[in-house]
$ cat run.txt   # compact mmCIF, C-alpha atoms
# COMPACT_ATOMS: atom_id res chain seq x y z
CA MET A 1 1.00 -1.96 13.28
CA ALA A 2 -0.27 -1.18 9.83
CA ASP A 3 -3.96 -1.34 9.10
CA THR A 4 -3.62 -4.49 7.04
CA ALA A 5 -7.35 -5.16 7.06
CA HIS A 6 -7.82 -1.88 5.22
CA ILE A 7 -5.17 -2.95 2.69
CA TRP A 8 -6.97 -6.24 2.13
CA ARG A 9 -10.36 -4.58 1.62
CA SER A 10 -9.07 -1.70 -0.52
CA GLY A 11 -8.40 -3.83 -3.59
CA ASN A 12 -4.84 -2.55 -4.06
CA LEU A 13 -3.24 -5.52 -5.78
CA PRO A 14 0.40 -5.32 -4.59
CA PRO A 15 -0.36 -5.01 -0.83
CA ARG A 16 -3.05 -7.66 -1.13
CA LEU A 17 -0.66 -9.87 -3.06
CA ALA A 18 2.01 -9.43 -0.37
CA VAL A 19 -0.45 -10.48 2.32
CA THR A 20 -1.54 -13.46 0.25
CA ILE A 21 2.04 -14.58 -0.37
CA THR A 22 2.90 -14.31 3.31
CA ALA A 23 -0.20 -16.28 4.29
CA LEU A 24 0.63 -18.99 1.73
CA VAL A 25 4.18 -19.22 3.07
CA LEU A 26 2.82 -19.70 6.58
CA VAL A 27 0.42 -22.37 5.40
CA GLY A 28 3.26 -24.05 3.50
CA PHE A 29 5.45 -24.13 6.61
CA PHE A 30 2.62 -25.68 8.57
CA ALA A 31 2.01 -28.25 5.83
CA ILE A 32 5.69 -29.28 5.88
CA ASP A 33 5.69 -29.55 9.65
CA GLY A 34 2.46 -31.52 9.51
CA SER A 35 4.10 -34.07 7.23
CA PHE A 36 6.61 -34.88 10.00
CA LEU A 37 3.70 -35.67 12.30
CA ILE A 38 1.98 -37.86 9.69
CA ALA A 39 5.26 -39.76 9.21
CA GLU A 40 5.02 -40.83 12.88
CA SER A 41 1.72 -42.68 12.11
CA PRO A 42 -0.29 -41.23 15.01
CA SER A 43 -3.55 -42.77 16.14
CA ALA A 44 -6.86 -41.27 15.04
CA TRP A 45 -7.39 -39.28 18.24
CA GLN A 46 -3.78 -38.06 18.24
CA PHE A 47 -4.11 -36.96 14.63
CA SER A 48 -7.37 -35.13 15.42
CA VAL A 49 -5.80 -33.32 18.38
CA ALA A 50 -2.76 -32.44 16.29
CA VAL A 51 -4.90 -31.01 13.47
CA LEU A 52 -6.89 -28.87 15.93
CA ALA A 53 -3.67 -27.64 17.55
CA PHE A 54 -2.17 -26.93 14.11
CA LEU A 55 -5.21 -24.90 13.07
CA ALA A 56 -5.23 -23.00 16.35
CA ILE A 57 -1.54 -22.09 16.02
CA LEU A 58 -2.08 -21.11 12.37
CA VAL A 59 -4.98 -18.79 13.27
CA LEU A 60 -2.95 -17.25 16.10
CA GLN A 61 0.06 -16.78 13.84
CA LEU A 62 -2.05 -15.12 11.14
CA SER A 63 -3.57 -12.80 13.74
CA HIS A 64 -0.08 -11.87 14.93
CA SER A 65 1.29 -11.36 11.40
CA PHE A 66 -1.78 -9.40 10.21
CA PRO A 67 -3.32 -8.01 13.41
CA ARG A 68 -6.02 -5.92 11.77
CA LEU A 69 -7.54 -8.93 10.07
CA LEU A 70 -8.77 -10.00 13.50
CA PRO A 71 -8.76 -6.74 15.47
CA ARG A 72 -10.72 -8.11 18.41
CA LEU A 73 -8.25 -10.94 18.84
CA TYR A 74 -5.36 -8.51 18.58
CA ARG A 75 -6.60 -6.63 21.65
CA TYR A 76 -5.67 -9.70 23.67
CA ARG A 77 -2.36 -10.27 21.87
CA TYR A 78 -0.41 -11.03 25.03
CA TRP A 79 -2.95 -13.67 26.00
CA THR A 80 -2.89 -15.10 22.48
CA LEU A 81 0.92 -15.15 22.64
CA GLY A 82 0.72 -17.13 25.88
CA THR A 83 -1.84 -19.47 24.31
CA GLN A 84 0.46 -20.02 21.34
CA ALA A 85 3.36 -20.76 23.72
CA ALA A 86 1.28 -23.42 25.43
CA LEU A 87 0.21 -24.95 22.10
CA CYS A 88 3.84 -24.98 20.92
CA PHE A 89 5.35 -26.75 23.95
CA VAL A 90 2.68 -28.80 25.76
CA PRO A 91 2.07 -31.20 22.80
CA PHE A 92 5.73 -32.34 23.08
CA ILE A 93 4.48 -34.64 25.83
CA THR A 94 2.59 -36.65 23.23
CA PHE A 95 4.16 -35.92 19.86
CA ARG A 96 7.80 -35.51 20.93
CA LEU A 97 10.14 -34.65 18.01
CA ALA A 98 7.27 -34.57 15.49
CA TRP A 99 6.19 -31.29 17.12
CA LEU A 100 9.65 -29.76 17.00
CA ALA A 101 8.97 -27.09 14.35
CA MET A 102 6.10 -25.39 16.18
CA PRO A 103 8.16 -23.25 18.62
CA GLY A 104 9.70 -21.47 15.63
CA PHE A 105 6.36 -19.77 14.97
CA LEU A 106 6.27 -18.67 18.59
CA SER A 107 9.61 -16.92 18.00
CA ALA A 108 8.13 -15.07 15.01
CA SER A 109 5.12 -13.97 17.06
CA ALA A 110 7.40 -12.69 19.81
CA LEU A 111 9.30 -10.56 17.30
CA LEU A 112 6.05 -9.23 15.88
CA LEU A 113 4.27 -8.43 19.14
CA LEU A 114 6.88 -7.50 21.71
CA ARG A 115 9.31 -4.63 21.99
CA PRO A 116 12.81 -5.50 20.74
CA ARG A 117 14.33 -5.46 24.23
CA PHE A 118 11.92 -8.25 25.22
CA ALA A 119 11.44 -9.96 21.85
CA TRP A 120 15.06 -10.83 21.05
CA PRO A 121 15.92 -12.33 24.47
CA LEU A 122 12.73 -14.39 24.24
CA PHE A 123 13.74 -15.42 20.71
CA GLY A 124 17.07 -16.71 22.07
CA LEU A 125 15.37 -18.53 24.95
CA ILE A 126 13.02 -20.33 22.55
CA VAL A 127 15.99 -21.47 20.42
CA LEU A 128 17.72 -22.74 23.57
CA ALA A 129 14.52 -24.51 24.63
CA ILE A 130 14.37 -26.26 21.24
CA ASP A 131 17.99 -27.39 21.63
CA ALA A 132 17.24 -28.65 25.13
CA LEU A 133 14.32 -30.69 23.80
CA LEU A 134 16.52 -32.08 21.06
CA PHE A 135 19.09 -33.33 23.56
CA HIS A 136 16.32 -34.60 25.82
CA PHE A 137 14.83 -36.71 23.05
CA GLY A 138 18.24 -37.78 21.71
CA ALA A 139 18.24 -36.08 18.31
CA GLY A 140 22.02 -36.40 17.96
CA TRP A 141 23.71 -34.40 15.19
CA ASP A 142 20.30 -33.23 13.93
CA VAL A 143 20.59 -30.51 16.56
CA VAL A 144 22.64 -28.31 14.19
CA TYR A 145 20.17 -28.56 11.32
CA ILE A 146 17.13 -28.01 13.52
CA THR A 147 18.76 -25.12 15.37
CA VAL A 148 19.44 -23.37 12.08
CA GLN A 149 15.85 -24.04 11.06
CA ALA A 150 14.60 -22.69 14.40
CA VAL A 151 16.47 -19.45 13.73
CA LEU A 152 15.68 -18.98 10.02
CA THR A 153 12.00 -19.92 9.98
CA PRO A 154 10.82 -17.23 12.42
CA LEU A 155 13.05 -14.66 10.73
CA VAL A 156 11.46 -15.48 7.37
CA VAL A 157 7.95 -15.21 8.84
CA PHE A 158 8.85 -11.97 10.62
CA GLY A 159 10.40 -10.46 7.49
CA LEU A 160 7.48 -11.36 5.23
CA SER A 161 4.95 -10.03 7.73
CA ARG A 162 6.80 -6.75 8.06
CA MET A 163 7.20 -6.54 4.28
CA ALA A 164 3.44 -6.82 3.78
CA GLU A 165 2.89 -4.20 6.45
CA MET A 166 5.43 -1.77 4.97
CA LEU A 167 4.06 -2.24 1.46
CA GLY A 168 0.62 -1.33 2.77
CA VAL A 169 2.03 1.76 4.46
CA LEU A 170 3.76 2.70 1.20
CA TYR A 171 0.57 2.44 -0.82
CA ARG A 172 -1.44 4.41 1.72
CA SER A 173 1.31 7.04 1.78
CA ARG A 174 1.18 7.29 -1.99
CA ALA A 175 -2.60 7.66 -1.87
CA GLU A 176 -2.24 10.38 0.77
CA LEU A 177 0.39 12.18 -1.30
CA SER A 178 -1.94 12.06 -4.29
CA ARG A 179 -4.75 13.47 -2.17
CA LEU A 180 -2.50 16.24 -0.86
CA ALA A 181 -1.34 17.02 -4.40
CA VAL A 182 -4.95 17.41 -5.52
CA ALA A 183 -5.74 19.56 -2.49
CA GLY A 184 -2.63 21.66 -3.16
CA GLU A 185 -3.63 22.14 -6.78
CA ARG A 186 -7.11 23.22 -5.71
CA LEU A 187 -5.58 25.66 -3.26
CA ARG A 188 -3.24 26.99 -5.95
CA PHE A 189 -6.15 27.41 -8.34
CA ALA A 190 -8.22 29.25 -5.73
CA ARG A 191 -5.26 31.42 -4.72
CA ASP A 192 -4.40 32.28 -8.31
CA LEU A 193 -8.01 33.13 -9.09
CA HIS A 194 -8.08 35.41 -6.06
CA ASP A 195 -4.77 37.04 -6.94
CA LEU A 196 -5.55 37.47 -10.63
CA LEU A 197 -9.24 38.36 -10.59
CA GLY A 198 -9.57 40.36 -7.38
CA SER A 199 -8.33 43.65 -8.77
CA SER A 200 -9.89 43.07 -12.20
CA LEU A 201 -13.36 42.45 -10.77
CA SER A 202 -12.99 45.37 -8.38
CA ALA A 203 -12.00 47.65 -11.28
CA ILE A 204 -14.86 46.38 -13.45
CA THR A 205 -17.35 47.03 -10.66
CA LEU A 206 -15.98 50.50 -9.93
CA ARG A 207 -15.84 51.52 -13.59
CA CYS A 208 -19.32 50.19 -14.30
CA GLU A 209 -20.66 52.38 -11.49
CA LEU A 210 -18.72 55.34 -12.89
CA ALA A 211 -19.98 54.73 -16.44
CA ARG A 212 -23.57 54.43 -15.17
CA ARG A 213 -23.29 57.85 -13.49
CA MET A 214 -21.80 59.46 -16.63
CA LEU A 215 -24.34 58.08 -19.10
CA ALA A 216 -26.66 61.07 -18.82
CA ASP A 217 -24.15 63.93 -18.56
CA ALA A 218 -21.07 62.63 -20.41
CA PRO A 219 -22.00 59.83 -22.80
CA ASP A 220 -18.66 60.02 -24.65
CA LYS A 221 -16.71 59.47 -21.43
CA ALA A 222 -19.14 56.71 -20.48
CA ARG A 223 -18.41 54.95 -23.79
CA GLN A 224 -14.69 55.35 -23.16
CA GLU A 225 -15.10 53.79 -19.73
CA LEU A 226 -17.12 50.93 -21.20
CA THR A 227 -14.34 50.33 -23.74
CA GLU A 228 -11.78 50.13 -20.97
CA ILE A 229 -14.10 47.88 -18.95
CA LEU A 230 -14.26 45.55 -21.96
CA GLY A 231 -10.45 45.44 -22.09
CA THR A 232 -10.26 44.66 -18.38
CA ALA A 233 -12.86 41.90 -18.78
CA ARG A 234 -10.92 40.37 -21.67
CA GLN A 235 -7.74 40.43 -19.60
CA ALA A 236 -9.60 38.75 -16.73
CA LEU A 237 -10.76 36.04 -19.13
CA ALA A 238 -7.18 35.54 -20.33
CA ASP A 239 -6.05 35.30 -16.70
CA VAL A 240 -8.63 32.60 -15.99
CA ARG A 241 -7.39 30.61 -18.97
CA ALA A 242 -3.81 31.00 -17.78
CA VAL A 243 -4.75 29.67 -14.35
CA SER A 244 -6.56 26.70 -15.88
CA ARG A 245 -3.40 25.83 -17.83
CA GLY A 246 -1.39 25.94 -14.60
CA HIS A 247 0.97 28.61 -15.92
CA ARG A 248 0.58 32.35 -15.83
CA GLU A 249 2.88 35.16 -16.81
CA MET A 250 2.38 38.66 -15.48
CA SER A 251 4.36 41.80 -16.12
CA LEU A 252 5.11 44.30 -13.37
CA SER A 253 5.19 47.17 -15.85
CA GLY A 254 1.92 46.05 -17.42
CA GLU A 255 0.25 45.73 -14.03
CA ALA A 256 1.61 49.15 -13.04
CA ASP A 257 0.06 50.75 -16.12
CA ALA A 258 -3.25 49.03 -15.46
CA ALA A 259 -3.13 50.03 -11.79
CA GLN A 260 -2.47 53.66 -12.67
CA SER A 261 -5.43 53.68 -15.03
CA MET A 262 -7.73 52.03 -12.49
CA LEU A 263 -6.69 54.36 -9.68
CA ARG A 264 -7.26 57.45 -11.77
CA ALA A 265 -10.64 56.16 -12.91
CA ALA A 266 -11.53 55.73 -9.24
CA GLY A 267 -10.50 59.30 -8.54
CA ILE A 268 -7.32 58.26 -6.71
CA GLY A 269 -4.05 60.05 -7.41
CA ALA A 270 -1.42 57.62 -8.65
CA SER A 271 2.36 57.86 -8.63
CA VAL A 272 4.33 55.04 -10.24
CA ARG A 273 8.12 54.69 -10.39
CA LEU A 274 9.66 51.50 -11.77
CA ASP A 275 13.45 51.57 -11.68
CA CYS A 276 14.24 47.88 -11.85
CA ALA A 277 14.89 47.34 -15.56
CA GLU A 278 13.87 44.03 -17.11
CA LEU A 279 13.19 41.31 -14.56
CA PRO A 280 13.31 37.49 -14.81
CA GLU A 281 9.93 35.94 -15.49
CA ARG A 282 9.40 34.46 -12.02
CA THR A 283 10.38 37.68 -10.22
CA ASP A 284 8.32 39.78 -12.62
CA THR A 285 5.23 37.61 -12.14
CA LEU A 286 5.62 37.51 -8.35
CA LEU A 287 5.93 41.30 -7.97
CA ALA A 288 3.11 41.84 -10.46
CA ALA A 289 0.89 39.60 -8.30
CA VAL A 290 1.85 41.62 -5.20
CA LEU A 291 0.97 44.84 -7.04
CA ARG A 292 -2.34 43.46 -8.24
CA GLU A 293 -3.31 42.23 -4.77
CA GLY A 294 -2.19 45.52 -3.21
CA LEU A 295 -4.36 47.38 -5.71
CA THR A 296 -7.32 45.18 -4.79
CA ASN A 297 -6.65 46.03 -1.16
CA VAL A 298 -6.71 49.76 -1.94
CA LEU A 299 -9.90 49.61 -4.02
CA ARG A 300 -11.82 47.36 -1.64
CA HIS A 301 -10.66 48.26 1.83
CA SER A 302 -9.67 51.90 1.85
CA LYS A 303 -10.89 55.38 1.01
CA ALA A 304 -7.63 56.34 -0.61
CA GLY A 305 -6.94 59.66 -2.25
CA GLN A 306 -3.34 58.96 -3.17
CA CYS A 307 -1.39 55.76 -3.93
CA ASP A 308 2.35 55.58 -4.58
CA ILE A 309 3.97 52.57 -6.24
CA THR A 310 7.74 52.05 -6.54
CA ALA A 311 9.98 49.17 -7.57
CA VAL A 312 13.75 49.61 -7.48
CA ARG A 313 16.85 47.43 -7.70
CA GLU A 314 18.92 47.15 -4.54
CA GLY A 315 21.95 45.04 -5.35
CA ALA A 316 20.68 41.67 -6.54
CA ASN A 317 17.26 42.27 -4.97
CA VAL A 318 14.17 44.13 -6.07
CA ARG A 319 12.29 46.17 -3.49
CA PHE A 320 8.62 46.87 -4.14
CA THR A 321 6.68 49.45 -2.11
CA MET A 322 3.04 50.46 -2.32
CA THR A 323 1.69 53.18 -0.02
CA ASN A 324 -1.81 54.64 0.18
CA ASP A 325 -3.74 56.91 2.48
CA GLY A 326 -7.32 56.52 3.70
CA ALA A 327 -6.48 53.23 5.36
CA GLY A 328 -8.77 53.61 8.37
CA ARG A 329 -7.84 52.94 11.98
CA PRO A 330 -4.05 52.55 12.41
CA GLY A 331 -4.45 49.72 14.87
CA ARG A 332 -6.35 47.58 12.39
CA PRO A 333 -4.95 48.04 8.88
CA PRO A 334 -7.27 46.67 6.20
CA VAL A 335 -5.45 43.67 4.79
CA GLY A 336 -7.09 41.07 2.58
CA GLY A 337 -6.26 37.36 2.71
CA GLY A 338 -4.51 37.57 -0.66
CA LEU A 339 -1.54 39.46 0.75
CA HIS A 340 -1.09 36.83 3.45
CA SER A 341 -1.18 34.16 0.74
CA LEU A 342 1.36 36.05 -1.37
CA ARG A 343 3.67 36.36 1.63
CA ARG A 344 4.24 32.61 1.47
CA GLY A 345 5.08 32.82 -2.22
CA VAL A 346 7.56 35.66 -1.65
CA GLU A 347 9.19 33.80 1.24
CA ALA A 348 9.43 30.67 -0.90
CA ALA A 349 11.43 32.76 -3.39
CA GLY A 350 13.82 33.78 -0.61
CA GLY A 351 12.35 37.22 0.05
CA TRP A 352 9.90 38.74 2.47
CA LEU A 353 6.69 40.74 2.45
CA THR A 354 5.32 42.99 5.17
CA THR A 355 2.20 45.10 5.62
CA ARG A 356 1.90 47.84 8.21
CA ALA A 357 -0.05 50.94 9.15
CA LEU A 358 1.76 54.27 9.07
CA PRO A 359 1.02 57.60 10.78
CA GLY A 360 -1.34 59.85 8.91
CA ASP A 361 -3.94 57.17 8.17
CA ARG A 362 -1.64 55.47 5.65
CA PHE A 363 -0.94 51.88 4.80
CA ARG A 364 2.17 50.34 3.25
CA VAL A 365 3.09 47.10 1.52
CA ASP A 366 6.80 46.24 1.32
CA ALA A 367 8.24 43.30 -0.58
CA VAL A 368 11.83 42.36 -1.30
CA VAL A 369 12.52 39.55 -3.78
CA PRO A 370 16.07 38.36 -4.56
CA LEU A 371 16.94 37.96 -8.19
CA PRO A 372 17.96 34.47 -9.27
CA GLU A 373 21.62 33.65 -9.76
CA GLY A 374 22.83 34.87 -13.12
CA ALA A 375 20.53 37.88 -13.27
CA ALA A 376 22.57 41.03 -13.83
CA PRO A 377 22.38 43.37 -10.82
CA ALA A 378 22.09 47.10 -11.20
CA ALA A 379 25.37 48.77 -12.05
CA GLY A 380 27.58 49.44 -9.05
CA ASN A 381 25.60 47.26 -6.65
CA GLY A 382 26.68 44.04 -5.00
CA ARG A 383 24.51 41.24 -3.79
CA VAL A 384 23.11 42.87 -0.67
CA ARG A 385 19.97 41.68 1.07
CA PRO A 386 18.09 44.70 2.45
CA SER A 387 17.02 44.48 6.08
CA ARG A 388 13.38 44.56 7.03
CA PRO A 389 11.99 48.02 7.75
$ encode --input "run.txt" --output "structure tokens"
Amino acid sequence: MADTAHIWRSGNLPPRLAVTITALVLVGFFAIDGSFLIAESPSAWQFSVAVLAFLAILVLQLSHSFPRLLPRLYRYRYWTLGTQAALCFVPFITFRLAWLAMPGFLSASALLLLRPRFAWPLFGLIVLAIDALLFHFGAGWDVVYITVQAVLTPLVVFGLSRMAEMLGVLYRSRAELSRLAVAGERLRFARDLHDLLGSSLSAITLRCELARRMLADAPDKARQELTEILGTARQALADVRAVSRGHREMSLSGEADAAQSMLRAAGIGASVRLDCAELPERTDTLLAAVLREGLTNVLRHSKAGQCDITAVREGANVRFTMTNDGAGRPGRPPVGGGLHSLRRGVEAAGGWLTTRALPGDRFRVDAVVPLPEGAAPAAGNGRVRPSRP
């Protein structure tokens, strides 16, 4: 059952309103049924007993319709159901037909508390019991009207109770979706910051160390390095602003040029071959992010002397490859968490990304991203999805 007590305490107006409406309907039903008893002009003690029994049935019905309002009572729901059954039928001895509406609430409680395979047979038995009492007390043709009432009243109570419960579930689900959306946005922001700034900060650190070493012997080269560091820092600032706006555009060719410059500044030989022509924005940004993260991996986790970068069209796909040496132990290739994060983005675009160690102390990043429908494939190529290496 839904945590209706939480709904009531949370201050969410629609679920609270649904609970209130259902409770008022229940009270209204009891008030109508109580008027039949008053019409019989009972004695003072009979009226007192009837009021106590009415209140007891009302409390039990509310606990069955909204179980979390009285959680301790709900633990003994089968006992409370039995108590309600006794309160619904035993008073017939004294109040006869004036008590005839009470078993309908027992039917509603059965539907709310029991499994359907038990609840519906019990529902039918209660209706038959009401009809039997009608014939016993000589109700005549009123049996049709009261039978219909005995069927509809519990169904109305059951439906309203379930409606309040489902509305509470809906509102809690919406709150949970909102929470997950916020968490997802935080994760996206953190992932984008890692993807965008990892290589930039690594390059700034490396070039600052290089410029510091050249200050004494080659001040002109040191100034040139500082100028390039300033450009990298400005680009990093622009990347941060792009992330904060929730939209970023990256260029594979631009990232390749920056990577070549960074690698050479770090004393790493660089070979770049881009044979993929102009790419759609999403594909271009995705492959540029893979290149940037791969570059961060090389600068941080390897002692590379050579790095080769290629991107080529293969049918309606683009294959990106980045290979470097100086990777360390083949059994444990140095892979940062950013590549694992990017793998999910590549797979979401319908492609795949793999990282693996190669003989000769080398490490390789492979990514294949399909071009969107409508993008012109390379001349002479069909839409072929390359197999994994």
$ atom_distance --input "run.txt" --atom1 "atom CA of Val148 of chain A" --atom2 "atom CA of Phe29 of chain A"
15.0 Å
$ residues_around --input "run.txt" --residues "Leu97 of chain A" --least-positions-apart "4" --cutoff "8 Å" --atoms "all atoms listed in the file" --output "list in words"
Phe92, Leu134 and Phe137 of chain A
$ residues_around --input "run.txt" --residues "segment 34-49 of chain A" --least-positions-apart "4" --cutoff "9 Å" --atoms "all atoms listed in the file" --output "list of chain:residue names"
A:Phe29, A:Phe30, A:Ala53, A:Phe54, A:Thr94, A:Phe95, A:Leu97, A:Ala98, A:Trp99
$ closest_residue --input "run.txt" --among "A:Ile21, A:Ile130, A:Val318, A:Val290" --to "Ala164 of chain A" --atoms "only C-alpha atoms"
A:Ile21
$ closest_residue --input "run.txt" --among "A:Val19, A:Ala367, A:Ala357, A:Leu100" --to "Ala327 of chain A" --atoms "all atoms listed in the file"
A:Ala357
$ closest_residue --input "run.txt" --among "A:Thr321, A:Thr147, A:Thr285, A:Thr153" --to "Ser107 of chain A" --atoms "only C-alpha atoms"
A:Thr153
$ residues_around --input "run.txt" --residues "Leu295 of chain A" --least-positions-apart "5" --cutoff "10 Å" --atoms "all atoms listed in the file" --output "short mmCIF file (atom, residue, chain, number, x, y, z; two decimals) with C-alpha atoms, in the frame of the given file"
data_model
loop_
_atom_site.label_atom_id
_atom_site.label_comp_id
_atom_site.auth_asym_id
_atom_site.auth_seq_id
_atom_site.Cartn_x
_atom_site.Cartn_y
_atom_site.Cartn_z
CA GLY A 198 -9.57 40.36 -7.38
CA SER A 199 -8.33 43.65 -8.77
CA SER A 200 -9.89 43.07 -12.20
CA SER A 202 -12.99 45.37 -8.38
CA ALA A 203 -12.00 47.65 -11.28
CA GLU A 255 0.25 45.73 -14.03
CA ALA A 256 1.61 49.15 -13.04
CA ALA A 258 -3.25 49.03 -15.46
CA ALA A 259 -3.13 50.03 -11.79
CA GLN A 260 -2.47 53.66 -12.67
CA MET A 262 -7.73 52.03 -12.49
CA LEU A 263 -6.69 54.36 -9.68
CA ALA A 289 0.89 39.60 -8.30
CA VAL A 290 1.85 41.62 -5.20
CA ARG A 300 -11.82 47.36 -1.64
CA HIS A 301 -10.66 48.26 1.83
CA CYS A 307 -1.39 55.76 -3.93
CA ILE A 309 3.97 52.57 -6.24
CA MET A 322 3.04 50.46 -2.32
CA ASN A 324 -1.81 54.64 0.18
#
$ atom_distance --input "run.txt" --atom1 "atom CA of Asp217 of chain A" --atom2 "atom CA of Ser302 of chain A"
27.8 Å
$ atom_distance --input "run.txt" --atom1 "atom CA of Leu106 of chain A" --atom2 "atom CA of Gly82 of chain A"
9.3 Å
$ residues_around --input "run.txt" --residues "Thr354 of chain A" --least-positions-apart "5" --cutoff "8 Å" --atoms "all atoms listed in the file" --output "list in words"
Arg343, Val365, Asp366 and Ala367 of chain A
$ build_atoms --input "run.txt" --residues "segment 37-58 of chain A" --atoms "N, CA and C atoms" --output "PDB file, keeping the file's coordinate frame"
ATOM      1  N   LEU A  37       4.614 -35.011  11.361  1.00  0.00           N
ATOM      2  CA  LEU A  37       3.700 -35.670  12.300  1.00  0.00           C
ATOM      3  C   LEU A  37       3.045 -36.885  11.650  1.00  0.00           C
ATOM      4  N   ILE A  38       2.619 -36.735  10.379  1.00  0.00           N
ATOM      5  CA  ILE A  38       1.980 -37.860   9.690  1.00  0.00           C
ATOM      6  C   ILE A  38       2.967 -39.026   9.552  1.00  0.00           C
ATOM      7  N   ALA A  39       4.244 -38.700   9.349  1.00  0.00           N
ATOM      8  CA  ALA A  39       5.260 -39.760   9.210  1.00  0.00           C
ATOM      9  C   ALA A  39       5.383 -40.595  10.466  1.00  0.00           C
ATOM     10  N   GLU A  40       4.964 -40.079  11.625  1.00  0.00           N
ATOM     11  CA  GLU A  40       5.020 -40.830  12.880  1.00  0.00           C
ATOM     12  C   GLU A  40       3.846 -41.789  13.042  1.00  0.00           C
ATOM     13  N   SER A  41       2.904 -41.788  12.071  1.00  0.00           N
ATOM     14  CA  SER A  41       1.720 -42.680  12.110  1.00  0.00           C
ATOM     15  C   SER A  41       0.955 -42.566  13.428  1.00  0.00           C
ATOM     16  N   PRO A  42       0.430 -41.372  13.750  1.00  0.00           N
ATOM     17  CA  PRO A  42      -0.290 -41.230  15.010  1.00  0.00           C
ATOM     18  C   PRO A  42      -1.639 -41.927  14.935  1.00  0.00           C
ATOM     19  N   SER A  43      -2.215 -42.185  16.090  1.00  0.00           N
ATOM     20  CA  SER A  43      -3.550 -42.770  16.140  1.00  0.00           C
ATOM     21  C   SER A  43      -4.575 -41.728  15.700  1.00  0.00           C
ATOM     22  N   ALA A  44      -5.809 -42.174  15.538  1.00  0.00           N
ATOM     23  CA  ALA A  44      -6.860 -41.270  15.040  1.00  0.00           C
ATOM     24  C   ALA A  44      -7.070 -40.092  15.982  1.00  0.00           C
ATOM     25  N   TRP A  45      -7.133 -40.383  17.311  1.00  0.00           N
ATOM     26  CA  TRP A  45      -7.390 -39.280  18.240  1.00  0.00           C
ATOM     27  C   TRP A  45      -6.181 -38.333  18.325  1.00  0.00           C
ATOM     28  N   GLN A  46      -4.971 -38.910  18.231  1.00  0.00           N
ATOM     29  CA  GLN A  46      -3.780 -38.060  18.240  1.00  0.00           C
ATOM     30  C   GLN A  46      -3.740 -37.158  17.001  1.00  0.00           C
ATOM     31  N   PHE A  47      -4.097 -37.746  15.864  1.00  0.00           N
ATOM     32  CA  PHE A  47      -4.110 -36.960  14.630  1.00  0.00           C
ATOM     33  C   PHE A  47      -5.152 -35.839  14.716  1.00  0.00           C
ATOM     34  N   SER A  48      -6.318 -36.145  15.282  1.00  0.00           N
ATOM     35  CA  SER A  48      -7.370 -35.130  15.420  1.00  0.00           C
ATOM     36  C   SER A  48      -6.915 -33.995  16.330  1.00  0.00           C
ATOM     37  N   VAL A  49      -6.302 -34.347  17.452  1.00  0.00           N
ATOM     38  CA  VAL A  49      -5.800 -33.320  18.380  1.00  0.00           C
ATOM     39  C   VAL A  49      -4.720 -32.488  17.703  1.00  0.00           C
ATOM     40  N   ALA A  50      -3.835 -33.162  16.953  1.00  0.00           N
ATOM     41  CA  ALA A  50      -2.760 -32.440  16.290  1.00  0.00           C
ATOM     42  C   ALA A  50      -3.304 -31.464  15.250  1.00  0.00           C
ATOM     43  N   VAL A  51      -4.309 -31.902  14.478  1.00  0.00           N
ATOM     44  CA  VAL A  51      -4.900 -31.010  13.470  1.00  0.00           C
ATOM     45  C   VAL A  51      -5.522 -29.796  14.127  1.00  0.00           C
ATOM     46  N   LEU A  52      -6.267 -29.997  15.221  1.00  0.00           N
ATOM     47  CA  LEU A  52      -6.890 -28.870  15.930  1.00  0.00           C
ATOM     48  C   LEU A  52      -5.820 -27.909  16.463  1.00  0.00           C
ATOM     49  N   ALA A  53      -4.752 -28.486  17.021  1.00  0.00           N
ATOM     50  CA  ALA A  53      -3.670 -27.640  17.550  1.00  0.00           C
ATOM     51  C   ALA A  53      -2.979 -26.885  16.407  1.00  0.00           C
ATOM     52  N   PHE A  54      -2.757 -27.574  15.278  1.00  0.00           N
ATOM     53  CA  PHE A  54      -2.170 -26.930  14.110  1.00  0.00           C
ATOM     54  C   PHE A  54      -3.006 -25.738  13.666  1.00  0.00           C
ATOM     55  N   LEU A  55      -4.323 -25.968  13.528  1.00  0.00           N
ATOM     56  CA  LEU A  55      -5.210 -24.900  13.070  1.00  0.00           C
ATOM     57  C   LEU A  55      -5.234 -23.735  14.048  1.00  0.00           C
ATOM     58  N   ALA A  56      -5.226 -24.060  15.355  1.00  0.00           N
ATOM     59  CA  ALA A  56      -5.230 -23.000  16.350  1.00  0.00           C
ATOM     60  C   ALA A  56      -3.959 -22.162  16.266  1.00  0.00           C
ATOM     61  N   ILE A  57      -2.809 -22.824  16.135  1.00  0.00           N
ATOM     62  CA  ILE A  57      -1.540 -22.090  16.020  1.00  0.00           C
ATOM     63  C   ILE A  57      -1.516 -21.270  14.736  1.00  0.00           C
ATOM     64  N   LEU A  58      -2.053 -21.839  13.636  1.00  0.00           N
ATOM     65  CA  LEU A  58      -2.080 -21.110  12.370  1.00  0.00           C
ATOM     66  C   LEU A  58      -2.921 -19.844  12.479  1.00  0.00           C
TER      67      LEU A  58
END
